[in-house]
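Content type compact mmCIF, C-alpha atoms, from the file protein_25.txt:
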# COMPACT_ATOMS: atom_id res chain seq x y z
CA ASP A 1 25.29 7.52 110.96
CA PRO A 2 22.97 10.40 110.20
CA PRO A 3 20.10 9.47 107.93
CA LYS A 4 20.63 10.12 104.26
CA LYS A 5 18.93 13.23 102.94
CA VAL A 6 15.99 12.42 100.72
CA ALA A 7 15.81 14.45 97.56
CA ASP A 8 13.03 16.99 97.40
CA ARG A 9 11.67 15.46 94.18
CA ALA A 10 12.13 12.01 92.77
CA GLU A 11 13.99 11.67 89.51
CA PRO A 12 11.32 11.80 86.77
CA ARG A 13 10.98 8.61 84.78
CA PRO A 14 11.13 8.84 81.04
CA CYS A 15 7.76 9.02 79.30
CA THR A 16 6.39 5.58 78.50
CA MET A 17 5.79 6.57 74.88
CA SER A 18 9.36 7.88 74.62
CA ARG A 19 10.76 4.57 75.89
CA LEU A 20 8.46 2.68 73.55
CA ALA A 21 9.46 4.85 70.61
CA ARG A 22 13.15 4.34 71.36
CA THR A 23 12.55 0.61 71.42
CA LEU A 24 10.37 0.28 68.32
CA LEU A 25 11.70 2.89 65.91
CA PRO A 26 15.09 1.22 65.33
CA GLN A 27 13.30 -2.08 64.76
CA ARG A 28 10.90 -0.40 62.33
CA ARG A 29 13.75 1.23 60.45
CA ALA A 30 15.55 -2.10 60.25
CA LEU A 31 12.44 -3.84 58.97
CA SER A 32 11.78 -1.10 56.40
CA THR A 33 15.37 -1.11 55.22
CA GLY A 34 15.40 -4.87 55.05
CA PHE A 35 12.15 -4.97 53.09
CA ALA A 36 13.40 -2.38 50.61
CA ALA A 37 16.71 -4.19 50.24
CA LYS A 38 15.01 -7.56 49.86
CA ARG A 39 12.19 -6.61 47.49
CA GLY A 40 12.18 -2.99 46.34
CA ALA A 41 15.67 -1.80 45.52
CA PRO A 42 17.08 -4.90 43.73
CA ALA A 43 13.87 -5.28 41.70
CA LEU A 44 13.98 -1.64 40.68
CA LYS A 45 17.67 -1.91 39.86
CA ARG A 46 17.10 -5.02 37.74
CA HIS A 47 14.25 -3.26 35.92
CA LEU A 48 16.34 -0.17 35.20
CA ASN A 49 19.33 -2.19 34.07
CA ALA A 50 17.27 -4.50 31.87
CA SER A 51 15.19 -1.78 30.22
CA PRO A 52 16.72 0.35 27.47
CA ASP A 53 16.27 4.08 27.79
CA PRO A 54 12.70 4.61 26.53
CA LEU A 55 13.55 8.17 25.46
CA ALA A 56 16.76 7.40 23.57
CA ARG A 57 15.05 6.90 20.19
CA LEU A 58 12.90 10.00 20.73
CA MET A 59 15.87 12.16 21.69
CA GLU A 60 17.74 11.06 18.57
CA GLY A 61 14.69 11.84 16.48
CA ASN A 62 14.47 15.27 18.05
CA LYS A 63 18.09 16.00 17.14
CA ARG A 64 17.42 15.17 13.48
CA TRP A 65 14.24 17.25 13.47
CA ALA A 66 15.98 20.21 15.15
CA GLU A 67 18.73 20.16 12.51
CA GLN A 68 16.12 20.37 9.77
CA LEU A 69 14.28 23.14 11.62
CA LYS A 70 17.43 25.24 11.83
CA LYS A 71 17.69 25.17 8.04
CA GLU A 72 14.32 26.88 7.59
CA ALA A 73 14.28 30.43 6.31
CA GLY A 74 13.71 32.91 9.09
CA PHE A 75 14.72 30.55 11.88
CA PRO A 76 14.66 31.26 14.81
CA ASP A 77 13.14 34.73 14.53
CA LYS A 78 9.80 33.51 13.20
CA TYR A 79 9.31 31.42 16.32
CA LYS A 80 9.80 34.31 18.73
CA THR A 81 6.14 35.28 18.36
CA HIS A 82 3.07 33.12 18.87
CA LYS A 83 0.34 33.80 16.32
CA PRO A 84 -1.46 30.54 15.52
CA SER A 85 -4.12 30.38 12.83
CA TYR A 86 -6.17 27.55 14.32
CA LEU A 87 -7.38 26.39 17.71
CA TRP A 88 -7.68 22.60 17.59
CA ILE A 89 -9.92 20.80 20.09
CA GLY A 90 -9.44 17.09 19.58
CA CYS A 91 -9.23 13.70 21.21
CA ALA A 92 -6.20 12.63 23.23
CA ASP A 93 -5.99 9.45 21.12
CA ALA A 94 -2.39 8.96 19.96
CA ARG A 95 -3.57 8.18 16.42
CA VAL A 96 -4.87 11.73 15.94
CA PRO A 97 -1.84 14.10 15.86
CA PRO A 98 -3.14 17.50 14.72
CA ASN A 99 -0.16 18.94 12.83
CA MET A 100 0.46 15.71 10.95
CA ILE A 101 -3.10 15.06 9.79
CA LEU A 102 -3.43 18.70 8.72
CA GLY A 103 -0.72 18.11 6.15
CA GLY A 104 2.33 18.94 8.25
CA GLU A 105 1.41 22.38 9.53
CA ALA A 106 4.55 24.08 10.81
CA PRO A 107 5.11 24.73 14.52
CA GLY A 108 3.26 27.84 15.63
CA GLN A 109 0.22 27.36 13.40
CA VAL A 110 -2.00 25.16 15.56
CA PHE A 111 -2.93 25.92 19.18
CA VAL A 112 -3.96 22.56 20.63
CA HIS A 113 -6.17 21.17 23.36
CA ARG A 114 -6.89 17.44 23.57
CA ASN A 115 -8.94 15.30 25.92
CA VAL A 116 -10.82 12.00 25.94
CA ALA A 117 -13.57 12.08 23.26
CA ASN A 118 -12.88 15.73 22.28
CA LEU A 119 -15.43 17.09 24.74
CA VAL A 120 -16.19 20.76 25.32
CA VAL A 121 -17.40 20.93 28.92
CA SER A 122 -18.14 24.26 30.57
CA THR A 123 -16.71 23.12 33.93
CA ASP A 124 -13.38 22.09 32.39
CA ALA A 125 -11.21 25.00 33.53
CA ASN A 126 -8.33 23.73 31.40
CA LEU A 127 -10.23 23.91 28.11
CA MET A 128 -12.10 27.08 29.05
CA SER A 129 -8.73 28.75 29.72
CA VAL A 130 -7.42 27.54 26.35
CA ILE A 131 -10.45 28.96 24.54
CA GLN A 132 -10.29 32.25 26.44
CA TYR A 133 -6.58 32.71 25.79
CA GLY A 134 -6.75 31.50 22.21
CA VAL A 135 -9.72 33.64 21.21
CA LEU A 136 -9.31 36.81 23.26
CA ALA A 137 -5.52 37.05 23.59
CA LEU A 138 -4.15 35.28 20.51
CA LYS A 139 -7.10 36.34 18.33
CA ILE A 140 -7.29 32.94 16.63
CA PRO A 141 -9.84 33.23 13.80
CA ASP A 142 -10.79 29.56 13.39
CA ILE A 143 -11.66 26.87 15.95
CA ILE A 144 -11.68 23.24 14.80
CA VAL A 145 -13.42 20.55 16.85
CA CYS A 146 -12.14 17.19 15.59
CA GLY A 147 -13.70 13.86 16.44
CA HIS A 148 -12.41 10.56 15.10
CA TYR A 149 -13.71 7.13 14.25
CA GLU A 150 -12.52 4.25 16.44
CA CYS A 151 -12.85 6.58 19.45
CA GLY A 152 -12.58 4.58 22.67
CA GLY A 153 -14.22 7.27 24.79
CA VAL A 154 -17.35 7.35 22.63
CA LYS A 155 -17.48 3.56 22.49
CA ALA A 156 -17.23 3.35 26.27
CA ALA A 157 -20.26 5.64 26.56
CA MET A 158 -22.27 3.18 24.47
CA THR A 159 -21.82 0.41 27.03
CA ALA A 160 -23.74 -0.11 30.29
CA ASN A 161 -20.57 -0.33 32.37
CA ASP A 162 -19.22 1.75 35.24
CA HIS A 163 -15.78 2.87 34.09
CA ALA A 164 -15.03 4.34 37.54
CA ALA A 165 -14.27 7.92 38.51
CA PRO A 166 -13.10 10.20 37.10
CA LEU A 167 -13.47 8.61 33.66
CA GLU A 168 -17.10 7.62 34.14
CA ALA A 169 -18.05 11.18 35.11
CA TRP A 170 -16.25 12.46 32.01
CA ILE A 171 -17.83 10.16 29.44
CA ARG A 172 -21.24 10.79 30.95
CA ASN A 173 -21.14 13.89 28.76
CA VAL A 174 -21.21 11.55 25.75
CA ARG A 175 -24.06 9.60 27.35
CA ASP A 176 -25.96 12.91 27.45
CA VAL A 177 -25.39 13.29 23.71
CA ILE A 178 -26.84 9.80 23.24
CA ARG A 179 -29.90 10.73 25.32
CA LEU A 180 -30.51 13.90 23.31
CA ASN A 181 -30.27 12.00 20.01
CA LYS A 182 -31.65 8.62 21.09
CA ASP A 183 -34.36 8.30 18.42
CA GLU A 184 -31.99 9.02 15.54
CA LEU A 185 -29.32 6.68 16.88
CA MET A 186 -31.64 3.79 17.79
CA ALA A 187 -33.13 3.90 14.29
CA ILE A 188 -29.73 2.71 13.00
CA LYS A 189 -29.75 -1.09 13.35
CA ASP A 190 -26.13 -1.74 12.43
CA GLU A 191 -24.04 -1.23 15.57
CA THR A 192 -20.93 -0.05 13.71
CA ALA A 193 -22.92 2.47 11.68
CA ARG A 194 -24.60 3.68 14.88
CA TYR A 195 -21.20 4.05 16.55
CA ARG A 196 -19.85 6.13 13.66
CA LYS A 197 -23.00 8.26 13.58
CA LEU A 198 -22.66 8.95 17.30
CA ILE A 199 -19.08 10.13 16.71
CA ASP A 200 -20.37 12.56 14.07
CA ILE A 201 -23.18 13.81 16.30
CA ASN A 202 -20.90 14.17 19.32
CA THR A 203 -18.40 16.21 17.31
CA VAL A 204 -21.08 18.60 16.08
CA GLU A 205 -22.51 18.87 19.59
CA GLN A 206 -19.11 19.85 20.96
CA ALA A 207 -18.78 22.49 18.23
CA VAL A 208 -22.10 23.94 19.37
CA ASN A 209 -20.76 23.89 22.94
CA VAL A 210 -17.86 26.04 21.75
CA MET A 211 -20.38 28.60 20.50
CA LYS A 212 -21.88 28.78 24.00
CA CYS A 213 -18.58 29.84 25.59
CA GLU A 214 -18.33 33.34 27.03
CA ALA A 215 -15.00 34.08 25.31
CA VAL A 216 -16.35 33.05 21.91
CA GLN A 217 -19.50 35.14 22.32
CA LYS A 218 -17.48 38.12 23.50
CA SER A 219 -15.23 37.90 20.44
CA LEU A 220 -18.21 37.58 18.12
CA LYS A 221 -19.72 40.67 19.74
CA GLN A 222 -16.47 42.60 19.24
CA THR A 223 -15.60 41.43 15.71
CA GLY A 224 -18.99 40.55 14.27
CA ALA A 225 -17.67 37.38 12.62
CA LEU A 226 -14.80 35.72 14.48
CA PRO A 227 -14.03 33.11 15.54
CA ARG A 228 -15.47 30.70 13.03
CA VAL A 229 -16.25 27.26 14.48
CA HIS A 230 -15.78 24.10 12.42
CA ALA A 231 -16.52 20.41 13.04
CA VAL A 232 -14.48 17.68 11.34
CA VAL A 233 -14.03 13.96 11.88
CA TYR A 234 -10.86 11.97 11.20
CA ASP A 235 -10.67 8.34 10.13
CA PRO A 236 -7.41 6.76 11.37
CA LEU A 237 -7.99 3.81 9.02
CA THR A 238 -7.84 6.01 5.92
CA GLY A 239 -5.93 9.07 7.17
CA GLU A 240 -8.64 11.36 5.83
CA LEU A 241 -10.61 14.22 7.38
CA LYS A 242 -14.29 14.77 6.70
CA LYS A 243 -16.00 18.10 7.24
CA LEU A 244 -19.23 17.89 9.18
CA GLU A 245 -22.07 20.27 8.55
CA VAL A 246 -23.14 22.29 11.55
CA ASP A 247 -26.64 23.65 11.09
CA SER A 248 -25.58 27.21 11.85
CA LYS A 249 -29.08 28.65 11.71
CA LYS A 250 -30.42 26.04 14.12
CA SER A 251 -27.42 26.18 16.46
CA ASP A 252 -27.22 29.98 16.39
CA ALA A 253 -30.91 30.22 17.21
CA ALA A 254 -30.48 27.81 20.13
CA VAL A 255 -27.47 29.69 21.44
CA ASP A 256 -29.20 33.06 21.06
CA ALA A 257 -32.39 31.86 22.72
CA ILE A 258 -30.80 30.14 25.72
CA TYR A 259 -27.08 30.81 26.05
CA LYS A 260 -26.63 34.30 24.62
CA LEU A 261 -24.64 36.51 27.01
CA TYR A 262 -24.28 39.73 25.04
CA ALA A 263 -27.04 41.76 23.45

Show me the file's structure as structure tokens.
Amino acid sequence: DPPKKVADRAEPRPCTMSRLARTLLPQRRALSTGFAAKRGAPALKRHLNASPDPLARLMEGNKRWAEQLKKEAGFPDKYKTHKPSYLWIGCADARVPPNMILGGEAPGQVFVHRNVANLVVSTDANLMSVIQYGVLALKIPDIIVCGHYECGGVKAAMTANDHAAPLEAWIRNVRDVIRLNKDELMAIKDETARYRKLIDINTVEQAVNVMKCEAVQKSLKQTGALPRVHAVVYDPLTGELKKLEVDSKKSDAAVDAIYKLYA
């Protein structure tokens, strides 16, 4: 018989990695599916079935509140515009709800920003945007910086502990306030009294930081008087606000000498 004709090129063998992938991927999928079925999915299902809807009570409360809101004179037309009277810069602490502690200010009156320890930090784009929009666009005449006693962020800054990033980097701003006022604070022997004094000092310092902001200085240049900046501290154990005195002459002189942007 004539010799068989040899093909010009041998049949290419599948890529080793392709064969390996075809072998391992089904096994991996099976293992993943089995793991999820064994541990993840049933546990999640049990958790969801056992837990009541955490929003149910809140949604019911919202319905009752909305019904009352609809009874107000001028509703809903008066809420079609946004013209707040106050910009509130406060702590994120759940015990310090701005509208409630201001005596039940109606929706639309208080423009709010909250963060840990009510800090005014020039690199915080979130807060700087709030101040810029509130002052230059909404023309809010009064800015309130509100600290509060029992503040966990301030207390954390008083301890020699690393609270880990990003929190540690944030509360370092309070540590700077301690450094700048060390003599006054260390003269207070009682730790609780020192803690409360630091809260007062930190609140005033953040009010001064508001005065340094470009948007605030620009508005003051344009209007001659607005916005006004206030510092208050809230005591969650009494429900009362206390107005803090900001040495306007001293703070204005410091801002003018170092931070002034407009002649």

Could you list, with a cut-off of 12 Å and counting all atoms listed in the file, the residues of range 229-249 of chain A near range 148-163 of chain A, each shown with its nearest atom pair and the distance in Å rounded to one decimal, rows sorted by chain and ascending number, as JSON lines?
{"residue": "A:Ala231", "atom": "CA", "partner": "A:His148", "partner_atom": "CA", "distance": 10.9}
{"residue": "A:Val232", "atom": "CA", "partner": "A:His148", "partner_atom": "CA", "distance": 8.3}
{"residue": "A:Val233", "atom": "CA", "partner": "A:His148", "partner_atom": "CA", "distance": 5.0}
{"residue": "A:Tyr234", "atom": "CA", "partner": "A:His148", "partner_atom": "CA", "distance": 4.4}
{"residue": "A:Asp235", "atom": "CA", "partner": "A:Tyr149", "partner_atom": "CA", "distance": 5.3}
{"residue": "A:Pro236", "atom": "CA", "partner": "A:Tyr149", "partner_atom": "CA", "distance": 6.9}
{"residue": "A:Leu237", "atom": "CA", "partner": "A:Tyr149", "partner_atom": "CA", "distance": 8.4}
{"residue": "A:Thr238", "atom": "CA", "partner": "A:Tyr149", "partner_atom": "CA", "distance": 10.3}
{"residue": "A:Gly239", "atom": "CA", "partner": "A:His148", "partner_atom": "CA", "distance": 10.3}
{"residue": "A:Glu240", "atom": "CA", "partner": "A:His148", "partner_atom": "CA", "distance": 10.0}
{"residue": "A:Leu241", "atom": "CA", "partner": "A:His148", "partner_atom": "CA", "distance": 8.7}
{"residue": "A:Lys242", "atom": "CA", "partner": "A:His148", "partner_atom": "CA", "distance": 9.6}
{"residue": "A:Lys243", "atom": "CA", "partner": "A:His148", "partner_atom": "CA", "distance": 11.5}
{"residue": "A:Leu244", "atom": "CA", "partner": "A:His148", "partner_atom": "CA", "distance": 11.6}

- Query: Which of these residues is nearest to Ala106 in chain A, using all atoms listed in the file: A:Leu180, A:Ser129, A:Gly147, A:Lys78?
  - Reply: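 Distance minimum relative to Ala106 in chain A lands on A:Lys78.
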
- Counting all atoms listed in the file, figure out which residue out of A:Val229, A:Ala193, A:Leu198, A:Val112 gets nearest to Ile144 in chain A.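 For Ile144 in chain A, the nearest of the given residues is A:Val229.
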
- Message: Could you tell me how far CA of Leu102 in chain A sits from CA of Asn173 in chain A, in Å to one decimal place?
- Response: 27.2 Å

- Message: If I take CA of Leu87 in chain A and CA of Ala207 in chain A, how far is one from the other in Å, to one decimal?
- Response: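 For CA of Leu87 in chain A relative to CA of Ala207 in chain A, the distance reads 12.1 Å.
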
- Message: Using Å and a single decimal, report how far CA of Phe111 in chain A sits from CA of Asp247 in chain A.
- Response: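 Computed distance, CA of Asp247 in chain A to CA of Phe111 in chain A, equals 25.2 Å.
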
- Query: Any idea what's packed within 12 Å of Leu220 in chain A, counting only C-alpha atoms, ignoring anything in its chain fewer than 3 positions away? Could you give it as a PyMOL selection string?
  - Reply: chain A and resi 135-136+139-142+211-217+223-229+252+260-263

- Task: Can you pull out every residue within 8 Å of Asn202 in chain A, counting all atoms listed in the file, but drop anything in the same chain fewer than 2 positions away, and send it as number ranges by chain?
- Result: A: 147, 174, 177, 198-200, 204-206

Test item: axis-aligned box, all listed atoms of range 139-149 of chain A, 5 Å on each side, centre and edges in Å rounded to one decimal, as lines of an AutoDock Vina configuration file:
center_x = -10.4
center_y = 21.7
center_z = 15.9
size_x = 16.6
size_y = 39.2
size_z = 14.9

- Excluding Pro107 in chain A and residues on its chain fewer than 3 positions from it, collect all residues at most 9 Å away from it, counting all atoms listed in the file, and give them as a list of chain:residue names. A:Tyr79, A:Pro84, A:Asn99, A:Gly104, A:Val110
